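The block underneath contains the structure these notes are about, expressed in structure tokens.
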Amino acid sequence: MRDHKQLRVFGLADDLVETIYRETDGFPRREQFGLTSQIRRAAVSIAANIVEGCTRSTQSDYLRFLEIAYGSARELEYEIDLAVRLRFIDADRGASVTQKCVSTSKSLCALIVALRARKAS
């Protein structure tokens, strides 16, 4: 079994979740069950799917959960962009959060590519 805590990408995802919770605290109350909830779920989904993937016994299952995490990371990038355009987050803070999303996405993509290459050989 893999230890998710040893993965750099998990650390990035975990940090992103904390950042997202802090940033969404200031969203309008009317968005509590809308965009706020969706953004938080996407962020948690990234880290949670990495953790769940690490528990899987096959490389294929592990990859599938990493791919789901990657999809959630890309979804989150869009949602942060939307929050900036709706002025729920100011542009500078939004850019900082987006950069964390991009770093997490790139790290996940690199891990997926490396695992696929190893699986193919």
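In the structure tokens, each chain is lettered A, B, ... as it comes, each chain's residues begin at 1, and ligands are numbered from 1 in order of appearance.
Residues in contact with A:Val44 at 9 Å, where only C-alpha atoms are counted and same-chain residues fewer than 2 positions away are skipped, are listed as Ala13, Asp14, Leu16, Val17, Ile39, Arg40, Arg41, Ala42, Ile46, Ala47, Ala48, Asn49 and Ser72 of chain A.
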Skip A:Phe65 itself and residues of its chain fewer than 5 positions away, then list as a PyMOL selection string all residues within 10 Å of it, counting only C-alpha atoms.
chain A and resi 46+48-54+56+60+70-71
Would you list, as a ChimeraX atom specification, the residues of chain A that end up in helix (DSSP H, G or I) under DSSP run on this structure's backbone?
/A:4-6,8-24,29-31,35-55,59-85,91-120
Per residue of stretch 30-88 of chain A within 7 Å of stretch 99-116 of chain A, record the nearest atom pair and its distance in Å to one decimal, counting only C-alpha atoms, with rows in chain order and ascending residue number, as CSV.
```
residue,atom,partner,partner_atom,distance
A:Leu63,CA,A:Ile112,CA,6.5
A:Leu66,CA,A:Ile112,CA,6.9
A:Tyr70,CA,A:Ser105,CA,5.9
A:Ala73,CA,A:Ser105,CA,5.8
A:Arg74,CA,A:Ser105,CA,6.9
A:Glu77,CA,A:Cys101,CA,6.0
```
For those residues, write N, CA and C atoms to a file as a PDB file, in the first residue's frame.
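Dumped to part-v9.pdb:
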```pdb
ATOM      1  N   LEU A  63      -4.214   4.804 -10.809  1.00  0.00           N
ATOM      2  CA  LEU A  63      -4.235   5.789 -11.888  1.00  0.00           C
ATOM      3  C   LEU A  63      -5.619   6.393 -12.076  1.00  0.00           C
ATOM      4  N   LEU A  66      -6.156   9.010  -9.490  1.00  0.00           N
ATOM      5  CA  LEU A  66      -5.330  10.190  -9.771  1.00  0.00           C
ATOM      6  C   LEU A  66      -5.925  11.001 -10.912  1.00  0.00           C
ATOM      7  N   TYR A  70      -7.145  14.832 -10.880  1.00  0.00           N
ATOM      8  CA  TYR A  70      -6.726  15.801 -11.891  1.00  0.00           C
ATOM      9  C   TYR A  70      -7.944  16.542 -12.464  1.00  0.00           C
ATOM     10  N   ALA A  73      -9.060  19.092 -10.028  1.00  0.00           N
ATOM     11  CA  ALA A  73      -8.137  20.242  -9.987  1.00  0.00           C
ATOM     12  C   ALA A  73      -8.445  21.210 -11.128  1.00  0.00           C
ATOM     13  N   ARG A  74      -8.693  20.672 -12.313  1.00  0.00           N
ATOM     14  CA  ARG A  74      -9.020  21.530 -13.456  1.00  0.00           C
ATOM     15  C   ARG A  74     -10.377  22.205 -13.262  1.00  0.00           C
ATOM     16  N   GLU A  77      -9.904  25.140 -10.996  1.00  0.00           N
ATOM     17  CA  GLU A  77      -9.333  26.298 -11.698  1.00  0.00           C
ATOM     18  C   GLU A  77     -10.446  27.135 -12.323  1.00  0.00           C
TER      19      GLU A  77
END
```
Compile the contact shell of A:Ala95 as a PyMOL selection string: residues with an atom at most 9 Å away, counting only C-alpha atoms, same-chain residues fewer than 3 positions apart removed.
chain A and resi 80-81+84+90-92+98-100
Residue among A:Glu23, A:Asp15, A:Glu67, A:Asp3 lying closest to A:Ala83, counting only C-alpha atoms:
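Nearest to A:Ala83: A:Glu23.
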Could you check the closest approach to A:Leu12 for each of A:Ser57, A:Glu75, A:Ala43, A:Ala120 and tell me which residue wins, using only C-alpha atoms?
A:Ala43
For A:Val9, which of A:Ala69, A:Leu76, A:Ser121, A:Pro28 is the closest residue, counting only C-alpha atoms?
A:Ala69
